[in-house]
$ cat structure37.cif   # mmCIF, C-alpha atoms
data_work
loop_
_atom_site.label_atom_id
_atom_site.label_comp_id
_atom_site.auth_asym_id
_atom_site.auth_seq_id
_atom_site.Cartn_x
_atom_site.Cartn_y
_atom_site.Cartn_z
CA MET A 131 -47.30 -61.47 44.23
CA THR A 132 -45.54 -62.24 40.96
CA ALA A 133 -41.80 -62.57 40.60
CA LYS A 134 -39.29 -62.90 37.78
CA VAL A 135 -35.64 -63.90 37.76
CA ILE A 136 -33.36 -62.64 34.96
CA THR A 137 -29.98 -64.31 34.74
CA ILE A 138 -28.00 -62.06 32.45
CA GLY A 139 -25.56 -64.70 31.13
CA LYS A 140 -28.44 -67.07 30.29
CA ASP A 141 -31.35 -64.80 29.44
CA TYR A 142 -29.61 -61.80 27.86
CA THR A 143 -25.97 -62.08 26.81
CA THR A 144 -22.64 -63.38 28.05
CA MET A 145 -20.96 -60.25 26.71
CA PRO A 146 -22.76 -57.02 27.66
CA GLY A 147 -21.82 -53.90 25.72
CA GLY A 148 -21.51 -50.22 26.61
CA ARG A 149 -23.92 -47.51 27.65
CA TYR A 150 -25.89 -46.59 24.53
CA LYS A 151 -27.65 -48.54 21.78
CA LYS A 152 -25.98 -46.35 19.17
CA TYR A 153 -22.55 -47.82 20.05
CA GLY A 154 -23.49 -51.45 19.66
CA GLU A 155 -25.66 -54.35 20.74
CA PHE A 156 -26.55 -55.39 24.29
CA SER A 157 -26.03 -51.96 25.76
CA GLY A 158 -27.15 -50.82 29.20
CA GLU A 159 -29.80 -48.66 27.54
CA HIS A 160 -31.14 -51.69 25.65
CA PHE A 161 -31.14 -53.90 28.75
CA ARG A 162 -32.99 -51.24 30.76
CA ASP A 163 -35.61 -50.46 28.11
CA GLU A 164 -36.15 -53.90 26.61
CA VAL A 165 -35.63 -56.22 29.56
CA LEU A 166 -35.65 -54.50 32.95
CA ARG A 167 -38.48 -52.01 32.57
CA PRO A 168 -40.88 -54.53 30.96
CA ALA A 169 -40.08 -56.99 33.77
CA LEU A 170 -40.72 -54.34 36.42
CA ARG A 171 -43.94 -53.38 34.64
CA ASP A 172 -45.23 -56.98 34.52
CA TYR A 173 -43.99 -58.40 37.84
CA ASP A 174 -44.08 -57.25 41.45
CA HIS A 175 -40.55 -58.40 42.18
CA VAL A 176 -37.61 -58.79 39.82
CA THR A 177 -34.32 -60.47 40.63
CA VAL A 178 -31.37 -59.82 38.31
CA ASN A 179 -28.60 -62.35 38.55
CA LEU A 180 -25.27 -61.10 37.18
CA ASP A 181 -23.77 -64.58 36.78
CA GLY A 182 -22.70 -65.90 33.42
CA ALA A 183 -21.50 -62.63 31.85
CA LYS A 184 -17.83 -62.28 30.94
CA THR A 185 -17.63 -58.75 32.31
CA TYR A 186 -19.56 -55.55 32.91
CA MET A 187 -18.62 -52.00 32.12
CA ASN A 188 -19.63 -49.40 34.65
CA SER A 189 -21.36 -47.46 31.89
CA PHE A 190 -23.58 -50.48 31.12
CA LEU A 191 -24.49 -50.86 34.79
CA GLU A 192 -25.10 -47.15 35.34
CA GLU A 193 -27.34 -46.80 32.31
CA ALA A 194 -29.28 -49.98 33.09
CA PHE A 195 -29.76 -49.60 36.85
CA GLY A 196 -28.88 -45.99 37.71
CA GLY A 197 -30.82 -44.94 34.61
CA LEU A 198 -34.06 -46.31 36.09
CA ILE A 199 -33.82 -43.66 38.81
CA ARG A 200 -31.99 -40.92 36.89
CA LEU A 201 -34.61 -40.91 34.13
CA GLY A 202 -37.45 -40.85 36.64
CA TYR A 203 -38.93 -44.33 36.11
CA PHE A 204 -38.56 -45.17 39.83
CA ASP A 205 -37.44 -43.58 43.02
CA TYR A 206 -34.68 -45.28 44.97
CA GLU A 207 -36.89 -46.66 47.77
CA THR A 208 -39.48 -48.17 45.45
CA LEU A 209 -36.82 -49.69 43.22
CA LYS A 210 -34.98 -51.23 46.18
CA LYS A 211 -38.24 -52.86 47.32
CA ARG A 212 -38.97 -54.34 43.91
CA LEU A 213 -35.55 -55.11 42.43
CA VAL A 214 -32.87 -57.39 43.81
CA VAL A 215 -29.50 -57.65 42.08
CA GLN A 216 -27.34 -60.58 43.08
CA ALA A 217 -24.61 -62.97 41.94
CA GLN A 218 -23.45 -66.38 43.09
CA ALA A 219 -19.79 -66.12 42.02
CA PRO A 220 -17.64 -63.86 44.26
CA ARG A 221 -15.98 -62.33 41.17
CA TYR A 222 -19.13 -60.26 40.60
CA SER A 223 -18.99 -58.57 44.01
CA LEU A 224 -17.31 -55.47 42.55
CA TYR A 225 -20.16 -55.04 40.05
CA LEU A 226 -22.80 -55.42 42.78
CA LYS A 227 -21.11 -52.54 44.64
CA MET A 228 -20.97 -50.48 41.44
CA ILE A 229 -24.71 -50.98 40.84
CA GLU A 230 -25.57 -49.92 44.38
CA GLN A 231 -23.32 -46.86 44.08
CA ASN A 232 -24.86 -45.98 40.70
CA MET A 233 -28.35 -46.15 42.18
CA VAL A 234 -27.37 -44.08 45.24
CA ASP A 235 -25.67 -41.46 43.02
CA ALA A 236 -28.69 -41.33 40.70
CA ALA A 237 -31.00 -40.85 43.68
CA SER A 238 -28.82 -38.13 45.17
CA ASN A 239 -28.63 -36.32 41.82
CA ALA A 240 -32.41 -36.58 41.46
CA GLN A 241 -32.85 -35.04 44.94
CA SER A 242 -30.45 -32.19 44.18
CA ARG A 243 -32.39 -31.50 40.96
CA VAL A 244 -35.63 -31.27 42.95
CA ALA A 245 -34.00 -29.04 45.59
CA MET B 296 5.52 -39.10 13.57
CA ILE B 297 4.34 -39.23 9.96
CA SER B 298 1.44 -41.51 9.08
CA ILE B 299 1.89 -44.14 6.37
CA ARG B 300 -0.84 -42.46 4.35
CA LYS B 301 0.93 -39.09 4.45
CA PHE B 302 4.17 -40.84 3.55
CA LEU B 303 2.55 -42.39 0.45
CA LYS B 304 0.93 -39.10 -0.52
CA GLN B 305 4.19 -37.21 -0.18
CA GLY B 306 5.90 -39.80 -2.41
CA GLU B 307 3.20 -39.35 -5.07
CA GLU B 308 3.38 -35.58 -4.86
CA MET B 309 7.16 -35.64 -5.16
CA GLN B 310 6.88 -37.90 -8.19
CA ALA B 311 4.22 -35.66 -9.74
CA SER B 312 6.38 -32.58 -9.24
CA GLY B 313 9.45 -34.32 -10.61
CA GLU B 314 11.33 -34.16 -7.29
CA LYS B 315 11.51 -37.94 -7.23
CA PRO B 316 12.01 -40.13 -10.32
CA LYS B 317 8.98 -42.31 -11.12
CA HIS B 318 11.02 -45.51 -11.18
CA ILE B 319 11.95 -45.16 -7.49
CA PRO B 320 8.99 -46.49 -5.51
CA SER B 321 8.12 -45.78 -1.89
CA PHE B 322 9.00 -48.70 0.34
CA LEU B 323 9.44 -49.54 4.00
CA ASP B 324 12.49 -51.15 5.53
CA PHE B 325 12.51 -52.08 9.23
CA ALA B 326 15.97 -53.65 9.12
CA MET B 327 17.31 -50.91 11.38
CA ILE B 328 14.74 -51.56 14.11
CA ASP B 329 15.93 -53.97 16.78
CA THR B 330 13.16 -53.71 19.36
CA CYS B 331 9.47 -53.06 19.06
CA SER B 332 7.11 -53.20 22.04
CA PRO B 333 3.61 -54.62 21.57
CA SER B 334 2.19 -51.09 21.87
CA ALA B 335 4.54 -49.75 19.17
CA ALA B 336 3.64 -52.72 16.96
CA LEU B 337 -0.07 -51.99 17.46
CA VAL B 338 0.34 -48.30 16.58
CA LEU B 339 2.25 -49.30 13.45
CA ALA B 340 -0.34 -51.91 12.46
CA ALA B 341 -3.17 -49.43 13.15
CA ASP B 342 -1.51 -46.88 10.90
CA PHE B 343 -1.18 -49.40 8.08
CA ASP B 344 -4.72 -50.68 8.61
CA SER B 345 -6.16 -47.17 8.68
CA SER B 346 -4.16 -46.09 5.63
CA ARG B 347 -5.11 -49.20 3.66
CA THR B 348 -8.83 -48.81 4.42
CA LEU B 349 -8.88 -45.10 3.60
CA ARG B 350 -6.85 -45.52 0.46
CA GLU B 351 -8.99 -48.33 -0.87
CA THR B 352 -12.15 -46.30 -0.39
CA GLU B 353 -11.01 -42.94 -1.66
CA GLU B 354 -10.95 -42.03 -5.32
CA PHE B 355 -8.15 -40.55 -7.34
CA GLY B 356 -9.85 -39.31 -10.47
CA GLU B 357 -11.68 -42.30 -11.90
CA HIS B 358 -9.49 -44.89 -10.21
CA LYS B 359 -9.36 -46.09 -6.66
CA ALA B 360 -5.83 -45.89 -5.30
CA PRO B 361 -4.42 -49.30 -4.43
CA PHE B 362 -2.59 -49.70 -1.16
CA ASN B 363 0.76 -50.83 -2.37
CA ILE B 364 3.75 -50.32 -0.18
CA PRO B 365 6.50 -52.88 -0.56
CA LEU B 366 8.42 -54.04 2.46
CA ILE B 367 12.08 -54.68 1.68
CA ASN B 368 14.98 -56.46 3.36
CA ILE B 369 12.56 -58.57 5.38
CA ASP B 370 15.25 -61.23 5.77
CA ARG B 371 17.39 -58.67 7.59
CA TRP B 372 14.63 -57.58 9.97
CA ASP B 373 15.10 -58.51 13.61
CA LYS B 374 13.57 -61.96 14.22
CA ARG B 375 11.73 -60.77 17.36
CA LEU B 376 10.23 -57.87 15.42
CA LYS B 377 9.15 -60.18 12.58
CA ARG B 378 7.57 -62.61 15.00
CA SER B 379 5.70 -59.85 16.86
CA LEU B 380 4.39 -58.33 13.64
CA ASP B 381 3.43 -61.75 12.33
CA GLU B 382 1.50 -62.64 15.52
CA LEU B 383 -0.20 -59.27 15.49
CA GLY B 384 -1.50 -59.90 11.95
CA PHE B 385 0.62 -57.21 10.31
CA PHE B 386 1.71 -59.29 7.30
CA THR B 387 -1.81 -60.60 6.75
CA LEU B 388 -2.96 -56.99 6.76
CA LEU B 389 -0.60 -56.28 3.88
CA GLY B 390 -1.63 -59.43 2.05
CA ILE B 391 1.78 -61.01 2.52
CA THR B 392 1.91 -64.74 3.25
CA ARG B 393 4.93 -65.53 5.31
CA PRO B 394 6.21 -68.84 6.64
CA ARG B 395 5.76 -69.17 10.39
CA SER B 396 8.70 -67.82 12.30
CA ARG B 397 10.75 -70.49 14.05
CA TYR B 398 11.95 -67.95 16.60
CA ALA B 399 10.62 -68.90 20.03
CA SER B 400 9.75 -65.86 22.06
CA GLN B 401 8.95 -65.76 25.75
CA SER B 402 5.90 -63.64 25.11
CA LYS B 403 3.16 -64.07 22.56
CA LEU B 404 1.30 -61.24 20.91
CA MET B 405 -2.41 -61.61 20.08
CA GLN B 406 -3.80 -60.79 16.65
CA PHE B 407 -5.05 -57.22 16.70
CA GLN B 408 -8.76 -56.44 16.70
CA THR B 409 -10.35 -53.28 15.40
CA GLY B 410 -13.81 -51.76 15.48
CA SER B 411 -15.90 -48.63 15.46
CA MET B 412 -18.44 -49.76 18.08
CA VAL B 413 -17.93 -50.69 21.72
CA GLY B 414 -15.76 -53.82 21.75
CA ARG B 415 -17.58 -57.04 22.65
CA HIS B 416 -16.68 -60.39 21.08
CA ASP B 417 -13.70 -58.84 19.29
CA VAL B 418 -11.99 -57.79 22.51
CA GLU B 419 -13.27 -60.92 24.23
CA ASN B 420 -11.21 -62.91 21.67
CA ILE B 421 -8.07 -61.23 22.99
CA THR B 422 -8.64 -62.03 26.67
CA ASP B 423 -10.00 -65.52 25.85
CA SER B 424 -6.83 -66.39 23.91
CA MET B 425 -4.64 -65.06 26.69
CA THR B 426 -6.63 -66.87 29.39
CA LYS B 427 -6.42 -70.13 27.45
CA ILE B 428 -2.63 -69.91 27.19
CA LEU B 429 -2.26 -69.08 30.89
CA THR B 430 -4.66 -71.69 32.24
CA GLU B 431 -3.16 -74.44 30.06
CA ALA B 432 0.31 -73.61 31.37
CA ILE B 433 -0.45 -72.94 35.03
CA PRO B 434 -2.27 -75.72 36.92
CA GLY B 435 -5.15 -74.60 39.10
CA LEU B 436 -5.34 -71.11 37.61
CA GLU B 437 -8.65 -71.77 35.88
CA GLU B 438 -10.36 -72.39 39.24
CA ASP B 439 -8.70 -69.39 40.89
CA GLU B 440 -11.49 -66.93 41.62
CA GLY B 441 -9.00 -64.05 41.95
CA PHE B 442 -7.63 -64.75 38.46
CA GLN B 443 -11.14 -64.94 37.01
CA ALA B 444 -11.99 -61.60 38.64
CA THR B 445 -8.84 -60.02 37.20
CA VAL B 446 -9.60 -61.25 33.68
CA MET B 447 -13.13 -59.95 34.02
CA GLN B 448 -11.93 -56.50 35.08
CA VAL B 449 -9.25 -56.38 32.39
CA LEU B 450 -11.86 -57.17 29.73
CA GLY B 451 -14.15 -54.48 31.16
CA ALA B 452 -11.32 -51.94 31.13
CA ILE B 453 -10.56 -52.69 27.46
CA GLN B 454 -14.25 -52.21 26.69
CA GLU B 455 -14.21 -48.88 28.54
CA ALA B 456 -11.35 -47.73 26.33
CA THR B 457 -13.22 -48.75 23.16
CA GLU B 458 -16.33 -46.94 24.40
CA ASN B 459 -14.20 -43.89 25.10
CA SER B 460 -13.03 -44.06 21.50
CA CYS B 461 -16.62 -44.28 20.16
CA ASP B 462 -18.06 -41.66 22.48
CA HIS B 463 -15.32 -39.03 22.63
CA ALA B 464 -12.23 -39.67 20.56
CA TYR B 465 -13.79 -38.90 17.19
CA LYS B 466 -16.38 -36.37 18.30
CA ASP B 467 -16.33 -33.33 16.00
CA PHE B 468 -13.33 -34.89 14.36
CA ASP B 469 -13.31 -34.61 10.61
CA LEU B 470 -9.69 -34.96 9.58
CA PRO B 471 -9.57 -36.65 6.20
CA ASP B 472 -6.53 -38.70 7.22
CA CYS B 473 -8.41 -40.57 9.85
CA ASN B 474 -10.25 -43.84 10.09
CA LYS B 475 -12.61 -43.56 13.06
CA ARG B 476 -11.77 -46.83 14.73
CA TRP B 477 -9.99 -48.33 17.71
CA TRP B 478 -7.35 -51.05 17.63
CA ALA B 479 -6.58 -53.48 20.44
CA THR B 480 -4.20 -56.29 21.18
CA GLY B 481 -2.62 -58.14 24.06
CA ALA B 482 0.61 -59.95 24.84
CA ILE B 483 1.15 -62.79 27.26
CA ASP B 484 4.29 -63.91 29.08
CA VAL B 485 3.46 -67.19 30.79
CA GLU B 486 6.74 -67.51 32.69
CA ASN B 487 6.21 -64.18 34.42
CA ARG B 488 2.41 -64.59 34.59
CA HIS B 489 2.19 -61.22 32.88
CA MET B 490 -0.65 -59.88 30.71
CA ASN B 491 -0.19 -56.77 28.58
CA LEU B 492 -3.32 -55.18 27.05
CA ILE B 493 -3.40 -52.21 24.72
CA VAL B 494 -6.10 -50.08 23.12
CA TYR B 495 -5.25 -47.34 20.66
CA ASP B 496 -7.25 -44.76 18.70
CA GLN B 497 -6.21 -42.02 16.30
CA GLY B 498 -8.80 -39.48 17.35
CA ASN B 499 -9.00 -36.41 19.51
CA THR B 500 -6.54 -36.79 22.32
CA ILE B 501 -7.41 -36.51 26.01
CA PRO B 502 -5.64 -33.12 26.45
CA LYS B 503 -7.46 -31.77 23.41
CA MET B 504 -10.88 -32.92 24.63
CA LEU B 505 -10.48 -31.82 28.24
CA PRO B 506 -11.68 -28.19 27.77
CA SER B 507 -15.09 -29.54 26.72
CA TRP B 508 -15.32 -31.70 29.83
CA ALA B 509 -17.50 -30.56 32.74
CA LYS B 510 -14.65 -31.24 35.16
CA TYR B 511 -12.29 -28.99 33.22
CA PRO B 512 -12.52 -26.16 35.80
CA PHE B 513 -10.85 -28.57 38.25
CA VAL B 514 -8.03 -29.11 35.71
CA ALA B 515 -7.80 -25.42 34.75
CA SER B 516 -7.66 -24.18 38.35
CA ALA B 517 -4.97 -26.74 39.22
CA ILE B 518 -2.92 -25.61 36.20
CA ALA B 519 -3.33 -21.95 37.22
CA ARG B 520 -2.14 -22.84 40.73
CA PHE B 521 0.78 -24.77 39.26
CA GLU B 522 1.75 -21.78 37.10
CA ARG B 523 1.51 -19.39 40.06
CA ILE B 524 3.84 -21.60 42.10
CA TRP B 525 6.35 -21.76 39.24
CA LYS B 526 5.81 -18.05 38.48
CA ARG B 527 5.59 -18.76 34.78
CA GLY B 528 3.18 -19.94 32.12
CA PHE B 529 3.60 -23.21 30.25
CA ASP B 530 2.87 -23.86 26.62
CA ASP B 531 0.29 -26.45 25.65
CA ASP B 532 2.83 -29.13 24.71
CA ASN B 533 4.33 -29.11 28.19
CA LEU B 534 0.94 -29.10 29.84
CA ASP B 535 -0.39 -32.26 28.20
CA ALA B 536 1.23 -34.50 30.80
CA VAL B 537 -0.08 -32.32 33.63
CA LYS B 538 -3.56 -32.36 32.09
CA LEU B 539 -3.49 -36.15 31.85
CA ARG B 540 -2.51 -36.43 35.50
CA LEU B 541 -5.23 -34.00 36.57
CA ALA B 542 -7.85 -35.76 34.46
CA MET B 543 -7.03 -39.01 36.25
CA ASP B 544 -7.29 -37.28 39.63
CA ALA B 545 -10.49 -35.30 39.03
CA PRO B 546 -13.29 -36.24 41.42
CA VAL B 547 -16.21 -37.75 39.56
CA SER B 548 -19.48 -39.52 40.21
CA SER B 549 -20.75 -42.38 38.09
CA THR B 550 -23.75 -40.39 36.90
CA ASP B 551 -21.84 -37.26 35.95
CA LEU B 552 -23.36 -36.79 32.51
CA GLU B 553 -20.38 -35.02 31.01
CA HIS B 554 -18.01 -37.65 32.28
CA ARG B 555 -19.80 -40.59 30.74
CA GLY B 556 -17.65 -42.86 28.70
CA LYS B 557 -14.40 -41.18 29.64
CA GLY B 558 -13.79 -44.18 31.87
CA PHE B 559 -10.60 -42.85 33.45
CA PRO B 560 -11.37 -44.15 36.96
CA PHE B 561 -12.03 -47.59 35.55
CA PHE B 562 -8.74 -47.62 33.65
CA ARG B 563 -7.10 -47.33 37.05
CA GLN B 564 -9.47 -49.58 38.95
CA VAL B 565 -8.25 -52.72 37.20
CA VAL B 566 -4.72 -51.93 38.38
CA GLU B 567 -5.89 -51.32 41.94
CA GLN B 568 -7.73 -54.64 42.01
CA SER B 569 -4.81 -56.67 40.62
CA ARG B 570 -2.04 -58.43 42.55
CA ARG B 571 0.44 -56.22 40.73
CA GLY B 572 -0.38 -53.87 37.89
CA ARG B 573 0.53 -50.81 35.91
CA LEU B 574 -1.42 -48.35 33.76
CA LEU B 575 0.20 -46.29 31.03
CA ILE B 576 -1.64 -43.64 29.00
CA LEU B 577 -0.04 -41.82 26.09
CA SER B 578 -2.06 -39.01 24.57
CA ARG B 579 -0.74 -36.27 22.28
CA ASN B 580 2.29 -34.88 24.16
CA GLY B 581 1.62 -36.46 27.53
CA ARG B 582 2.54 -39.69 29.26
CA PHE B 583 0.80 -40.87 32.43
CA LEU B 584 2.03 -43.83 34.42
CA TYR B 585 0.50 -45.37 37.49
CA GLU B 586 1.84 -48.43 39.24
CA LYS B 587 -0.13 -50.13 42.01
CA GLY B 588 1.04 -48.86 45.37
CA GLY B 589 3.06 -46.06 43.77
CA LYS B 590 2.56 -42.41 43.04
CA PRO B 591 1.11 -41.48 39.63
CA ARG B 592 3.70 -39.95 37.32
CA ALA B 593 3.21 -37.72 34.32
CA GLU B 594 5.80 -36.44 31.90
CA PRO B 595 5.97 -34.97 28.40
CA LEU B 596 6.48 -37.27 25.44
CA HIS B 597 9.59 -36.65 23.33
CA SER B 598 7.59 -37.26 20.17
CA PRO B 599 3.83 -36.60 20.13
CA LEU B 600 1.46 -39.49 19.57
CA ASN B 601 -1.25 -39.23 16.96
CA GLY B 602 -4.14 -40.25 19.23
CA THR B 603 -4.44 -42.02 22.56
CA LEU B 604 -2.95 -45.29 23.70
CA VAL B 605 -4.01 -46.99 26.93
CA GLU B 606 -1.92 -49.90 28.16
CA TRP B 607 -2.30 -52.21 31.18
CA ASP B 608 0.36 -54.50 32.56
CA ILE B 609 -1.20 -57.00 34.92
CA TRP B 610 0.60 -59.79 36.78
CA VAL B 611 -1.68 -62.67 37.78
#

$ encode --input "structure37.cif" --output "structure tokens"
Amino acid sequence: MTAKVITIGKDYTTMPGGRYKKYGEFSGEHFRDEVLRPALRDYDHVTVNLDGAKTYMNSFLEEAFGGLIRLGYFDYETLKKRLVVQAQAPRYSLYLKMIEQNMVDAASNAQSRVA
Amino acid sequence: MISIRKFLKQGEEMQASGEKPKHIPSFLDFAMIDTCSPSAALVLAADFDSSRTLRETEEFGEHKAPFNIPLINIDRWDKRLKRSLDELGFFTLLGITRPRSRYASQSKLMQFQTGSMVGRHDVENITDSMTKILTEAIPGLEEDEGFQATVMQVLGAIQEATENSCDHAYKDFDLPDCNKRWWATGAIDVENRHMNLIVYDQGNTIPKMLPSWAKYPFVASAIARFERIWKRGFDDDNLDAVKLRLAMDAPVSSTDLEHRGKGFPFFRQVVEQSRRGRLLILSRNGRFLYEKGGKPRAEPLHSPLNGTLVEWDIWV
């Protein structure tokens, strides 16, 4: 079993951007495609630590995490088994909830598309 | 409201047609203004910034048109106004070096930032400067987890507004008198532990963009119901405030493709999460105000705004 920990503030950026690459650097799309998906491809378990970033926009989080399900790279159950998102500082608790909600919404939208 | 660029153009056209003698230049005099809120100062600075950039890049025949608009009677301008404009970077924008104002104000305005991409380090500069002032003045604030969470959410909300500007405000927008950018600033009042954050763009307004939004049927059906109750139709100008209110109330999921980037729920979320907070949105002819714990209010603007302004008042 291989595992990788990504601490966003240390390994990616302290100032994440918006949803799409076309609107600037360090977007959710960029994080998903260049960091998260390669990590999930190369390791059995990936832990993303939100600490160290100045803030997160919901659009960044939705594109990065919800996008993994919405675009069909993973289903919700598989992703939940392989990806853990956490933070040490309590100030990130809101963003942890947003990520979970984004993933649940993406899964429910995927199911309604299939139905 | 007339933009500075239109004002300059009108002056040139009047001079060309002989309506105005050539020796009388166009100038600006703010001596009659006695108050200017940070948001009004930002809109003014944005208009100058936009006009200057456009004018310096456009061509009049073989010559580029210089941005030259003298300010007069500066010594008679209100000292608070001068200080606010100075802190905002207004005089620097016009290439005017002014001695630092000795007037001590209770609140301090941050230098405005502008961009055409989603705000990152530029908007971070605003909240960093404000945080530094607050934490230096208030012992223990830096370690306060609640304060850190508020700053984090405020910064995220400003970013949402800049993304909204990139993603929607200038979509299919090809007015020549427009510089496709956003402008942002903040003001801090340490004594009242009050942060004021503002983002402004000159693009398509929220009421104008709503018909292209997937949730518009929700807005349209609510308006139809409203008109049935009142037994009359309303013209577009009067409906802008109602549309703003409905746009803020529309149910939405985070993955709603058509809703991406509009960020309305997150504009409000920062207020909900704060100890005390207020959200104000001005867009075309509408004004939306939400205060934590209160009922959202929407009303028509007396004078339409060229674009959209989002403002947060947060008490920490």

$ resolve_selection --input "structure37.cif" --expression "the PyMOL selection byres ((chain A) within 6 of (chain B))" --output "short mmCIF file (atom, residue, chain, number, x, y, z; two decimals) with C-alpha atoms, in the frame of the given file"
data_model
loop_
_atom_site.label_atom_id
_atom_site.label_comp_id
_atom_site.auth_asym_id
_atom_site.auth_seq_id
_atom_site.Cartn_x
_atom_site.Cartn_y
_atom_site.Cartn_z
CA TYR A 153 -22.55 -47.82 20.05
CA GLY A 154 -23.49 -51.45 19.66
CA THR A 185 -17.63 -58.75 32.31
CA TYR A 186 -19.56 -55.55 32.91
CA MET A 187 -18.62 -52.00 32.12
CA ARG A 221 -15.98 -62.33 41.17
#

$ resolve_selection --input "structure37.cif" --expression "the PyMOL selection byres ((chain B and resi 327) around 9)" --output "PDB file with C-alpha atoms, in the coordinates of the input"
ATOM      1  CA  ASP B 324      12.490 -51.150   5.530  1.00  0.00           C
ATOM      2  CA  PHE B 325      12.510 -52.080   9.230  1.00  0.00           C
ATOM      3  CA  ALA B 326      15.970 -53.650   9.120  1.00  0.00           C
ATOM      4  CA  ILE B 328      14.740 -51.560  14.110  1.00  0.00           C
ATOM      5  CA  ASP B 329      15.930 -53.970  16.780  1.00  0.00           C
ATOM      6  CA  ARG B 371      17.390 -58.670   7.590  1.00  0.00           C
ATOM      7  CA  TRP B 372      14.630 -57.580   9.970  1.00  0.00           C
ATOM      8  CA  ASP B 373      15.100 -58.510  13.610  1.00  0.00           C
TER       9      ASP B 373
END

$ closest_residue --input "structure37.cif" --among "A:Gly197, A:Gly139, A:Gly182, A:Gly147" --to "Leu166 of chain A" --atoms "all atoms listed in the file"
A:Gly197

$ closest_residue --input "structure37.cif" --among "B:Gln406, B:Thr430, B:Ser460, B:Thr500" --to "Gly384 of chain B" --atoms "all atoms listed in the file"
B:Gln406

$ resolve_selection --input "structure37.cif" --expression "the PyMOL selection byres ((chain A and resi 174) around 7)" --output "VMD selection string"
chain A and resid 131 to 133 170 173 175 to 176 212

$ closest_residue --input "structure37.cif" --among "B:Val338, B:Leu380, B:Leu584, B:Leu600" --to "Val566 of chain B" --atoms "all atoms listed in the file"
B:Leu584

$ residues_near_point --input "structure37.cif" --point "(-21.5, -47.3, 38.1)" --cutoff "6 Å" --atoms "only C-alpha atoms" --output "list in words"
Asn188, Leu191, Glu192, Met228, Ile229 and Asn232 of chain A; Ser549 of chain B

$ residues_around --input "structure37.cif" --residues "Thr143 of chain A" --least-positions-apart "5" --cutoff "9 Å" --atoms "only C-alpha atoms" --output "ChimeraX atom specification"
/A:138,156,182-183

$ write_last_selection --input "structure37.cif" --atoms "C-alpha atoms" --output "JSON list (two decimals), keeping the file's coordinate frame"
[["chain", "number", "residue", "atom", "x", "y", "z"],
["A", 138, "ILE", "CA", -28.00, -62.06, 32.45],
["A", 156, "PHE", "CA", -26.55, -55.39, 24.29],
["A", 182, "GLY", "CA", -22.70, -65.90, 33.42],
["A", 183, "ALA", "CA", -21.50, -62.63, 31.85]]

$ atom_distance --input "structure37.cif" --atom1 "atom CA of Val494 of chain B" --atom2 "atom CA of His463 of chain B"
14.4 Å

$ atom_distance --input "structure37.cif" --atom1 "atom CA of Pro333 of chain B" --atom2 "atom CA of Leu404 of chain B"
7.0 Å

$ atom_distance --input "structure37.cif" --atom1 "atom CA of Glu193 of chain A" --atom2 "atom CA of Lys210 of chain A"
16.4 Å
